[in-house]
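Have a look at work-v2.tsv below; it lists TSV, C-alpha atoms.
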```tsv
chain	number	residue	atom	x	y	z
A	9	MET	CA	-42.09	284.62	23.93
A	10	PRO	CA	-40.15	282.19	26.15
A	11	LYS	CA	-36.72	281.44	24.72
A	12	ILE	CA	-37.28	277.69	24.52
A	13	VAL	CA	-40.47	278.07	22.46
A	14	ASN	CA	-38.77	280.58	20.21
A	15	HIS	CA	-35.93	278.09	19.70
A	16	HIS	CA	-38.35	275.37	18.60
A	17	ILE	CA	-40.25	277.69	16.28
A	18	ARG	CA	-36.99	278.80	14.65
A	19	ARG	CA	-35.99	275.18	14.11
A	20	GLU	CA	-39.35	274.49	12.43
A	21	GLN	CA	-38.94	277.56	10.23
A	22	LEU	CA	-35.50	276.35	9.18
A	23	ALA	CA	-36.90	272.88	8.46
A	24	GLU	CA	-39.58	274.50	6.30
A	25	ALA	CA	-36.88	276.40	4.43
A	26	THR	CA	-35.16	273.01	3.94
A	27	TRP	CA	-38.41	271.60	2.50
A	28	ARG	CA	-38.56	274.47	0.01
A	29	VAL	CA	-34.98	273.78	-1.11
A	30	ILE	CA	-35.76	270.04	-1.41
A	31	ARG	CA	-38.83	270.79	-3.53
A	32	GLN	CA	-36.83	273.05	-5.86
A	33	LYS	CA	-33.57	271.16	-6.16
A	34	GLY	CA	-34.05	267.75	-4.56
A	35	LEU	CA	-32.32	266.47	-1.46
A	36	GLU	CA	-28.93	266.54	-3.16
A	37	GLY	CA	-29.39	270.27	-3.69
A	38	VAL	CA	-29.57	270.92	0.06
A	39	SER	CA	-26.64	272.63	1.77
A	40	VAL	CA	-26.67	274.43	5.11
A	41	ARG	CA	-25.55	277.55	3.26
A	42	GLY	CA	-28.46	277.27	0.79
A	43	VAL	CA	-30.97	276.72	3.59
A	44	ALA	CA	-29.64	279.73	5.53
A	45	GLU	CA	-30.04	281.81	2.38
A	46	GLU	CA	-33.57	280.48	1.77
A	47	ALA	CA	-34.48	281.28	5.39
A	48	GLY	CA	-32.87	284.73	5.18
A	49	ILE	CA	-30.44	284.23	8.07
A	50	SER	CA	-26.68	283.94	8.32
A	51	LEU	CA	-24.88	280.62	8.24
A	52	GLY	CA	-23.64	281.35	11.77
A	53	ALA	CA	-27.20	281.87	13.00
A	54	LEU	CA	-28.31	278.60	11.39
A	55	ARG	CA	-25.45	276.76	13.12
A	56	HIS	CA	-26.94	277.90	16.42
A	57	TYR	CA	-30.02	275.76	15.67
A	58	PHE	CA	-28.45	272.88	13.74
A	59	SER	CA	-24.78	272.14	14.15
A	60	THR	CA	-24.62	269.70	11.22
A	61	GLN	CA	-26.39	269.23	7.89
A	62	SER	CA	-27.31	265.71	8.97
A	63	GLU	CA	-29.09	267.10	12.05
A	64	LEU	CA	-30.97	269.61	9.89
A	65	LEU	CA	-32.08	266.87	7.49
A	66	SER	CA	-33.18	264.48	10.24
A	67	PHE	CA	-35.23	267.21	11.89
A	68	SER	CA	-36.75	268.21	8.54
A	69	MET	CA	-37.75	264.63	7.85
A	70	ARG	CA	-39.21	264.14	11.33
A	71	LEU	CA	-41.20	267.34	10.99
A	72	VAL	CA	-43.23	265.77	8.13
A	73	SER	CA	-44.54	262.98	10.34
A	74	GLU	CA	-44.92	265.27	13.37
A	75	ARG	CA	-47.12	267.66	11.42
A	76	ILE	CA	-49.30	264.82	10.16
A	77	LYS	CA	-49.54	263.34	13.66
A	78	GLU	CA	-50.52	266.71	15.13
A	79	ARG	CA	-53.26	267.22	12.55
A	80	ILE	CA	-54.64	263.71	13.10
A	81	GLU	CA	-54.67	264.26	16.88
A	82	LYS	CA	-56.63	267.46	16.42
A	83	LEU	CA	-59.34	265.84	14.28
A	84	ASP	CA	-62.82	265.74	15.74
A	85	LEU	CA	-63.38	261.99	15.46
A	86	ASN	CA	-66.76	261.45	17.04
A	87	GLY	CA	-68.87	260.71	14.06
A	88	ASP	CA	-69.42	257.88	11.71
A	89	PRO	CA	-66.45	255.39	11.70
A	90	ARG	CA	-66.20	255.57	7.93
A	91	GLN	CA	-66.10	259.38	7.94
A	92	ASP	CA	-63.50	259.31	10.70
A	93	ILE	CA	-61.29	257.03	8.62
A	94	GLU	CA	-61.68	259.18	5.53
A	95	MET	CA	-60.66	262.21	7.61
A	96	ILE	CA	-57.56	260.43	8.95
A	97	ILE	CA	-56.44	259.22	5.51
A	98	ALA	CA	-57.08	262.70	4.10
A	99	GLU	CA	-54.30	264.01	6.38
A	100	LEU	CA	-51.77	261.65	4.77
A	101	VAL	CA	-52.33	262.37	1.09
A	102	PRO	CA	-51.58	265.44	-1.11
A	103	LEU	CA	-54.99	267.13	-1.09
A	104	ASP	CA	-53.71	270.70	-0.76
A	105	GLU	CA	-50.47	272.64	-1.02
A	106	GLU	CA	-49.45	271.95	2.60
A	107	ARG	CA	-49.90	268.19	2.26
A	108	LEU	CA	-48.37	268.19	-1.24
A	109	ALA	CA	-45.22	269.78	0.22
A	110	GLU	CA	-45.06	267.14	2.96
A	111	CYS	CA	-45.61	264.31	0.49
A	112	GLU	CA	-42.94	265.58	-1.92
A	113	VAL	CA	-40.46	265.84	0.93
A	114	TRP	CA	-41.46	262.37	2.16
A	115	LEU	CA	-40.83	260.92	-1.32
A	116	ALA	CA	-37.41	262.58	-1.54
A	117	PHE	CA	-36.42	261.19	1.87
A	118	THR	CA	-37.85	257.75	1.12
A	119	ALA	CA	-35.75	257.44	-2.04
A	120	ARG	CA	-32.65	258.76	-0.28
A	121	ALA	CA	-33.11	256.45	2.72
A	122	LEU	CA	-32.22	253.49	0.48
A	123	PHE	CA	-28.52	254.30	0.76
A	124	ASP	CA	-28.40	256.66	3.74
A	125	GLU	CA	-28.23	254.81	7.05
A	126	ASN	CA	-29.29	257.78	9.24
A	127	LEU	CA	-32.38	258.50	7.21
A	128	ARG	CA	-33.25	254.82	6.92
A	129	ILE	CA	-33.85	254.53	10.67
A	130	HIS	CA	-36.37	257.35	10.62
A	131	SER	CA	-37.95	256.15	7.39
A	132	LYS	CA	-38.47	252.77	9.06
A	133	GLU	CA	-40.08	254.43	12.09
A	134	VAL	CA	-42.47	256.42	9.89
A	135	HIS	CA	-43.40	253.29	7.96
A	136	HIS	CA	-44.00	251.37	11.18
A	137	SER	CA	-46.09	254.08	12.84
A	138	LEU	CA	-48.26	254.30	9.73
A	139	TYR	CA	-48.66	250.53	9.72
A	140	ILE	CA	-49.85	250.73	13.35
A	141	LEU	CA	-52.30	253.51	12.46
A	142	PHE	CA	-53.76	251.51	9.55
A	143	ARG	CA	-53.90	248.39	11.71
A	144	GLN	CA	-55.90	250.28	14.34
A	145	ILE	CA	-58.29	251.45	11.63
A	146	ILE	CA	-58.83	247.95	10.26
A	147	ASP	CA	-59.11	246.39	13.74
A	148	SER	CA	-61.68	248.95	14.81
A	149	LEU	CA	-63.78	248.28	11.69
A	150	ILE	CA	-63.62	244.55	12.41
A	151	ARG	CA	-64.55	245.12	16.06
A	152	LEU	CA	-67.53	247.20	14.98
A	153	LYS	CA	-68.50	244.37	12.58
A	154	LEU	CA	-68.51	246.80	9.67
A	155	THR	CA	-66.24	244.84	7.33
A	156	ARG	CA	-66.83	242.08	4.84
A	157	GLN	CA	-66.79	238.65	6.53
A	158	ASP	CA	-63.74	237.28	4.70
A	159	ILE	CA	-61.42	240.06	5.82
A	160	ASP	CA	-57.81	239.29	6.82
A	161	ALA	CA	-56.70	242.04	9.21
A	162	GLU	CA	-52.99	241.86	8.42
A	163	LEU	CA	-53.34	241.68	4.64
A	164	GLU	CA	-56.03	244.36	4.67
A	165	THR	CA	-53.76	246.64	6.69
A	166	LYS	CA	-50.78	246.10	4.39
A	167	ARG	CA	-53.00	246.61	1.36
A	168	LEU	CA	-54.41	249.88	2.71
A	169	HIS	CA	-50.93	251.07	3.67
A	170	ALA	CA	-49.50	250.28	0.20
A	171	LEU	CA	-52.51	251.85	-1.52
A	172	VAL	CA	-52.19	255.10	0.45
A	173	ASP	CA	-48.44	255.33	-0.21
A	174	GLY	CA	-49.09	254.59	-3.90
A	175	LEU	CA	-51.68	257.38	-3.98
A	176	VAL	CA	-49.12	259.71	-2.41
A	177	VAL	CA	-46.56	258.82	-5.11
A	178	HIS	CA	-49.11	259.34	-7.89
A	179	GLY	CA	-50.49	262.52	-6.35
A	180	VAL	CA	-46.98	263.94	-6.09
A	181	THR	CA	-45.51	262.81	-9.39
A	182	ARG	CA	-48.62	263.26	-11.53
A	183	ALA	CA	-50.02	266.32	-9.74
A	184	GLN	CA	-51.29	267.75	-13.07
A	185	SER	CA	-53.48	264.77	-13.99
A	186	PHE	CA	-53.97	262.82	-10.77
A	187	THR	CA	-56.08	265.27	-8.81
A	188	PRO	CA	-57.07	265.52	-5.14
A	189	GLU	CA	-60.57	264.45	-6.30
A	190	ASP	CA	-59.07	261.28	-7.82
A	191	ILE	CA	-57.36	260.48	-4.54
A	192	THR	CA	-60.50	261.09	-2.47
A	193	ARG	CA	-62.64	258.99	-4.82
A	194	ILE	CA	-60.18	256.07	-4.80
A	195	VAL	CA	-59.98	256.09	-1.00
A	196	SER	CA	-63.76	256.14	-0.79
A	197	TYR	CA	-64.06	253.35	-3.38
A	198	HIS	CA	-61.55	251.28	-1.42
A	199	LEU	CA	-63.48	251.77	1.83
A	200	ASP	CA	-66.72	250.76	0.08
A	201	ASN	CA	-64.85	247.62	-0.81
A	202	ILE	CA	-63.62	246.82	2.67
A	203	LEU	CA	-66.93	247.58	4.35
A	204	ARG	CA	-69.99	245.39	4.07
B	30	MET	CA	-21.14	239.85	-33.52
B	31	PRO	CA	-22.52	242.57	-35.85
B	32	LYS	CA	-21.28	245.96	-34.80
B	33	ILE	CA	-24.75	247.43	-34.32
B	34	VAL	CA	-25.79	244.66	-31.93
B	35	ASN	CA	-22.55	244.99	-30.06
B	36	HIS	CA	-23.19	248.72	-29.75
B	37	HIS	CA	-26.62	248.12	-28.21
B	38	ILE	CA	-25.34	245.48	-25.81
B	39	ARG	CA	-22.55	247.78	-24.67
B	40	ARG	CA	-25.08	250.55	-24.02
B	41	GLU	CA	-27.16	248.18	-21.91
B	42	GLN	CA	-24.07	247.09	-19.98
B	43	LEU	CA	-23.24	250.71	-19.26
B	44	ALA	CA	-26.83	251.37	-18.17
B	45	GLU	CA	-26.56	248.39	-15.81
B	46	ALA	CA	-23.33	249.84	-14.41
B	47	THR	CA	-25.30	253.09	-13.91
B	48	TRP	CA	-27.98	251.15	-12.01
B	49	ARG	CA	-25.30	249.72	-9.70
B	50	VAL	CA	-23.95	253.19	-8.97
B	51	ILE	CA	-27.49	254.49	-8.34
B	52	ARG	CA	-28.17	251.63	-5.92
B	53	GLN	CA	-24.95	252.31	-4.02
B	54	LYS	CA	-24.88	256.09	-3.97
B	55	GLY	CA	-28.20	257.33	-5.28
B	56	LEU	CA	-28.79	259.27	-8.48
B	57	GLU	CA	-26.81	262.24	-7.19
B	58	GLY	CA	-23.79	259.93	-6.86
B	59	VAL	CA	-23.78	259.20	-10.60
B	60	SER	CA	-21.03	260.72	-12.76
B	61	VAL	CA	-19.91	259.52	-16.18
B	62	ARG	CA	-16.46	258.98	-14.69
B	63	GLY	CA	-17.87	256.83	-11.88
B	64	VAL	CA	-19.96	254.78	-14.31
B	65	ALA	CA	-16.95	254.21	-16.60
B	66	GLU	CA	-15.01	253.02	-13.56
B	67	GLU	CA	-17.86	250.74	-12.44
B	68	ALA	CA	-18.05	249.29	-15.98
B	69	GLY	CA	-14.28	248.88	-16.18
B	70	ILE	CA	-13.81	251.03	-19.29
B	71	SER	CA	-12.17	254.37	-19.98
B	72	LEU	CA	-14.09	257.64	-19.91
B	73	GLY	CA	-13.25	258.06	-23.61
B	74	ALA	CA	-14.76	254.67	-24.43
B	75	LEU	CA	-17.93	255.52	-22.49
B	76	ARG	CA	-18.26	258.81	-24.41
B	77	HIS	CA	-18.42	256.70	-27.57
B	78	TYR	CA	-21.73	255.24	-26.33
B	79	PHE	CA	-23.16	258.21	-24.42
B	80	SER	CA	-21.96	261.70	-25.21
B	81	THR	CA	-23.61	263.28	-22.15
B	82	GLN	CA	-24.54	262.27	-18.63
B	83	SER	CA	-28.13	263.23	-19.35
B	84	GLU	CA	-28.22	260.77	-22.28
B	85	LEU	CA	-26.77	258.02	-20.09
B	86	LEU	CA	-29.39	258.67	-17.40
B	87	SER	CA	-32.31	258.78	-19.84
B	88	PHE	CA	-31.23	255.50	-21.40
B	89	SER	CA	-30.74	253.91	-17.96
B	90	MET	CA	-34.23	254.96	-16.93
B	91	ARG	CA	-35.80	253.73	-20.17
B	92	LEU	CA	-34.05	250.39	-19.80
B	93	VAL	CA	-36.07	249.67	-16.63
B	94	SER	CA	-39.39	249.86	-18.47
B	95	GLU	CA	-37.99	248.12	-21.57
B	96	ARG	CA	-36.82	245.14	-19.53
B	97	ILE	CA	-40.22	244.85	-17.84
B	98	LYS	CA	-42.02	245.16	-21.17
B	99	GLU	CA	-39.82	242.47	-22.74
B	100	ARG	CA	-40.48	240.06	-19.89
B	101	ILE	CA	-44.24	240.66	-20.04
B	102	GLU	CA	-44.25	240.09	-23.83
B	103	LYS	CA	-42.44	236.79	-23.32
B	104	LEU	CA	-44.96	235.49	-20.77
B	105	ASP	CA	-46.98	232.46	-21.81
B	106	LEU	CA	-50.42	233.92	-21.20
B	107	ASN	CA	-52.80	231.23	-22.30
B	108	GLY	CA	-54.16	230.01	-19.06
B	109	ASP	CA	-56.57	231.18	-16.47
B	110	PRO	CA	-57.17	235.01	-16.64
B	111	ARG	CA	-56.44	235.38	-12.97
B	112	GLN	CA	-53.15	233.50	-13.23
B	113	ASP	CA	-52.21	235.57	-16.27
B	114	ILE	CA	-52.78	238.77	-14.33
B	115	GLU	CA	-50.78	237.52	-11.36
B	116	MET	CA	-47.92	236.69	-13.76
B	117	ILE	CA	-48.02	240.16	-15.33
B	118	ILE	CA	-48.07	241.97	-11.98
B	119	ALA	CA	-45.26	239.72	-10.74
B	120	GLU	CA	-43.01	241.27	-13.41
B	121	LEU	CA	-43.55	244.75	-11.96
B	122	VAL	CA	-42.77	244.15	-8.29
B	123	PRO	CA	-39.52	243.36	-6.44
B	124	LEU	CA	-39.81	239.57	-6.16
B	125	ASP	CA	-36.15	238.77	-6.89
B	126	GLU	CA	-32.81	240.55	-7.14
B	127	GLU	CA	-33.32	241.54	-10.80
B	128	ARG	CA	-36.72	243.14	-10.17
B	129	LEU	CA	-35.51	244.66	-6.88
B	130	ALA	CA	-32.73	246.43	-8.80
B	131	GLU	CA	-35.23	247.75	-11.37
B	132	CYS	CA	-37.63	248.92	-8.66
B	133	GLU	CA	-34.89	250.70	-6.68
B	134	VAL	CA	-33.75	252.48	-9.82
B	135	TRP	CA	-37.37	253.34	-10.68
B	136	LEU	CA	-37.87	254.87	-7.21
B	137	ALA	CA	-34.69	256.95	-7.51
B	138	PHE	CA	-35.78	258.28	-10.93
B	139	THR	CA	-39.35	258.89	-9.77
B	140	ALA	CA	-38.17	261.06	-6.87
B	141	ARG	CA	-35.68	262.90	-9.08
B	142	ALA	CA	-38.23	263.50	-11.84
B	143	LEU	CA	-40.03	265.93	-9.52
B	144	PHE	CA	-37.50	268.64	-10.29
B	145	ASP	CA	-35.77	267.33	-13.43
B	146	GLU	CA	-37.66	268.21	-16.60
B	147	ASN	CA	-35.93	265.61	-18.84
B	148	LEU	CA	-36.64	262.75	-16.51
B	149	ARG	CA	-40.19	263.93	-15.89
B	150	ILE	CA	-41.19	263.32	-19.50
B	151	HIS	CA	-40.07	259.71	-19.35
B	152	SER	CA	-41.51	259.21	-15.86
B	153	LYS	CA	-44.86	260.39	-17.22
B	154	GLU	CA	-44.63	257.96	-20.15
B	155	VAL	CA	-43.88	255.05	-17.82
B	156	HIS	CA	-46.80	256.02	-15.58
B	157	HIS	CA	-49.13	256.27	-18.56
B	158	SER	CA	-48.09	252.97	-20.14
B	159	LEU	CA	-48.62	251.23	-16.81
B	160	TYR	CA	-52.04	252.84	-16.50
B	161	ILE	CA	-52.91	251.46	-19.98
B	162	LEU	CA	-51.68	248.00	-18.97
B	163	PHE	CA	-53.77	247.99	-15.78
B	164	ARG	CA	-56.76	249.34	-17.69
B	165	GLN	CA	-56.49	246.46	-20.19
B	166	ILE	CA	-56.38	244.01	-17.29
B	167	ILE	CA	-59.47	245.45	-15.63
B	168	ASP	CA	-61.36	245.80	-18.93
B	169	SER	CA	-60.62	242.18	-19.88
B	170	LEU	CA	-61.88	240.98	-16.48
B	171	ILE	CA	-65.06	242.99	-16.95
B	172	ARG	CA	-65.50	241.64	-20.50
B	173	LEU	CA	-65.11	238.11	-19.20
B	174	LYS	CA	-67.71	238.91	-16.53
B	175	LEU	CA	-65.30	237.86	-13.80
B	176	THR	CA	-65.55	240.95	-11.62
B	177	ARG	CA	-67.91	242.06	-8.91
B	178	GLN	CA	-71.00	243.74	-10.33
B	179	ASP	CA	-70.39	247.16	-8.78
B	180	ILE	CA	-66.98	247.64	-10.38
B	181	ASP	CA	-65.94	251.05	-11.76
B	182	ALA	CA	-63.31	250.42	-14.45
B	183	GLU	CA	-61.48	253.71	-14.10
B	184	LEU	CA	-61.37	253.77	-10.30
B	185	GLU	CA	-60.46	250.09	-10.18
B	186	THR	CA	-57.59	250.71	-12.62
B	187	LYS	CA	-56.26	253.68	-10.66
B	188	ARG	CA	-56.59	251.73	-7.43
B	189	LEU	CA	-54.67	248.74	-8.82
B	190	HIS	CA	-52.00	251.03	-10.25
B	191	ALA	CA	-51.54	252.89	-6.95
B	192	LEU	CA	-51.53	249.62	-4.99
B	193	VAL	CA	-48.83	248.08	-7.21
B	194	ASP	CA	-46.64	251.20	-7.02
B	195	GLY	CA	-47.17	251.29	-3.24
B	196	LEU	CA	-46.10	247.64	-3.03
B	197	VAL	CA	-43.00	248.51	-5.06
B	198	VAL	CA	-42.13	251.34	-2.63
B	199	HIS	CA	-42.65	249.08	0.40
B	200	GLY	CA	-40.82	246.14	-1.19
B	201	VAL	CA	-37.85	248.38	-1.97
B	202	THR	CA	-37.68	250.45	1.22
B	203	ARG	CA	-38.63	247.70	3.67
B	204	ALA	CA	-36.94	244.80	1.86
B	205	GLN	CA	-35.97	243.21	5.22
B	206	SER	CA	-39.49	242.95	6.59
B	207	PHE	CA	-41.81	243.32	3.59
B	208	THR	CA	-41.02	240.11	1.76
B	209	PRO	CA	-41.77	238.90	-1.79
B	210	GLU	CA	-44.31	236.57	-0.15
B	211	ASP	CA	-46.08	239.57	1.40
B	212	ILE	CA	-46.28	241.23	-2.01
B	213	THR	CA	-47.60	238.10	-3.72
B	214	ARG	CA	-50.19	237.52	-0.99
B	215	ILE	CA	-51.43	241.12	-1.10
B	216	VAL	CA	-51.79	241.03	-4.91
B	217	SER	CA	-53.69	237.76	-4.66
B	218	TYR	CA	-55.89	239.13	-1.86
B	219	HIS	CA	-56.63	242.21	-3.96
B	220	LEU	CA	-57.59	240.10	-6.97
B	221	ASP	CA	-59.89	237.97	-4.78
B	222	ASN	CA	-61.50	241.24	-3.91
B	223	ILE	CA	-61.98	242.47	-7.48
B	224	LEU	CA	-63.22	239.14	-8.79
B	225	ARG	CA	-66.59	237.71	-7.99
```

Encoded form using structure tokens:
Amino acid sequence: MPKIVNHHIRREQLAEATWRVIRQKGLEGVSVRGVAEEAGISLGALRHYFSTQSELLSFSMRLVSERIKERIEKLDLNGDPRQDIEMIIAELVPLDEERLAECEVWLAFTARALFDENLRIHSKEVHHSLYILFRQIIDSLIRLKLTRQDIDAELETKRLHALVDGLVVHGVTRAQSFTPEDITRIVSYHLDNILR
Amino acid sequence: MPKIVNHHIRREQLAEATWRVIRQKGLEGVSVRGVAEEAGISLGALRHYFSTQSELLSFSMRLVSERIKERIEKLDLNGDPRQDIEMIIAELVPLDEERLAECEVWLAFTARALFDENLRIHSKEVHHSLYILFRQIIDSLIRLKLTRQDIDAELETKRLHALVDGLVVHGVTRAQSFTPEDITRIVSYHLDNILR
């Protein structure tokens, strides 16, 4: 394996170990020592990949949105516009263990970003890129003349964005009672409502 | 002032000092010593009101929902059903400094509740009581025959609940760009959509 690829894979593995620590103990429970232990490597070896805790956290946060972006890019979006949209939104919400992990980590970072300047910048970027994604979805539905007549593109986008983030919060915090089926049904109900 | 009333007021003042610490440093920045300092009293005096940090945090979390509940109970809800609902929802979202503080504290507790058993119980109660409130709203609109015909009470309730919590997250984390006017407009747009 080329060294550079190996380096990137190791960084992702360490970020995943960071996610596991966050999910067990919260962001305040993260230390480089604890992550090294979780990943089964020495502190010195970890320092080779991340020289500071702040760098490790930033990378771990970015990895959430990168993973989602990669999955969305890989989707086979050639079918029905409505199905395409349901598939895209499905990548953002906690429908399985992988997405639940991402959403839990996202929630931890979102809460922390309120008083952590470094994280706030990335949190803002994630928010903005999701807004753009939702705006593209709404604009394409309008262009295809599939929406109700009285639609307001900006408000509809912000509403969809807030709804999806609310579903993430409920899916993560009420995982026992607010099931993946609930999330899927609410998204579908909402789309019924936007579409003619 | 009767001693018992004084006792309760002092506890609320200490919870408010806890909120200020949470907003500055996050939940992990809270210590009984730091809260005593923020409140301008001695650690010994604070211990008179809260014997443990866990008790102080539980009370501070409960105070958020109590304050909201008190404001909703005081609302003069005798007018138009739609206006009544807008007034109720307005008490839950960050439209001014007081509600922004509550919402920031709520977000911090919500994220922490994921791995803190004590907080999780209360977080679940808050979630459930909000669900009941939203369900009453939707049911009353249906009873008054004000909604679209194809409404599904349970899905509509869960959708409204997720939307409002999503608006809270966006209002809190994007306070610079996601304004109180945005929140009010989205709520109004959503109600237009539920109503005939």

Problem set entry | Residue list for chain B near chain A as a VMD selection string, 7 Å, all atoms listed in the file | chain B and resid 53 to 55 57 136 to 137 140 to 141 143 to 144 184 188 191 to 192 194 to 196 199 202 215

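The gap separating atom CA of A:Ala44 from atom CA of A:Thr26 is 8.8 Å, in Å to one decimal.
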
Skip A:Ser148 itself and residues of its chain fewer than 5 positions away, then list as a PDB file with C-alpha atoms, in the coordinates of the input all residues within 12 Å of it, counting all atoms listed in the file.
```pdb
ATOM      1  CA  PRO A  89     -66.450 255.390  11.700  1.00  0.00           C
ATOM      2  CA  ARG A  90     -66.200 255.570   7.930  1.00  0.00           C
ATOM      3  CA  ASP A  92     -63.500 259.310  10.700  1.00  0.00           C
ATOM      4  CA  ILE A  93     -61.290 257.030   8.620  1.00  0.00           C
ATOM      5  CA  LEU A 141     -52.300 253.510  12.460  1.00  0.00           C
ATOM      6  CA  PHE A 142     -53.760 251.510   9.550  1.00  0.00           C
ATOM      7  CA  ARG A 143     -53.900 248.390  11.710  1.00  0.00           C
ATOM      8  CA  LYS A 153     -68.500 244.370  12.580  1.00  0.00           C
ATOM      9  CA  LEU A 154     -68.510 246.800   9.670  1.00  0.00           C
ATOM     10  CA  THR A 155     -66.240 244.840   7.330  1.00  0.00           C
ATOM     11  CA  ALA A 161     -56.700 242.040   9.210  1.00  0.00           C
ATOM     12  CA  THR A 165     -53.760 246.640   6.690  1.00  0.00           C
ATOM     13  CA  LEU A 203     -66.930 247.580   4.350  1.00  0.00           C
TER      14      LEU A 203
END
```

Problem set entry | Exercise: stretch 98-102 of chain B partners within 10 Å, all atoms listed in the file, chain neighbours under 6 positions left out, as a PyMOL selection string | chain B and resi 92+116-121+158-159

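For A:Asn126, the list of residues within 10 Å, based on only C-alpha atoms and with local chain neighbours fewer than 6 positions off taken out, reads Ser62, Glu63, Leu65 and Ser66 of chain A.
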
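For the pair atom CA of B:Asp105 and atom CA of B:Glu41, the separation is 25.3 Å.
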
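Here atom CA of B:Glu95 is placed at a distance of 14.7 Å from atom CA of B:Val122.
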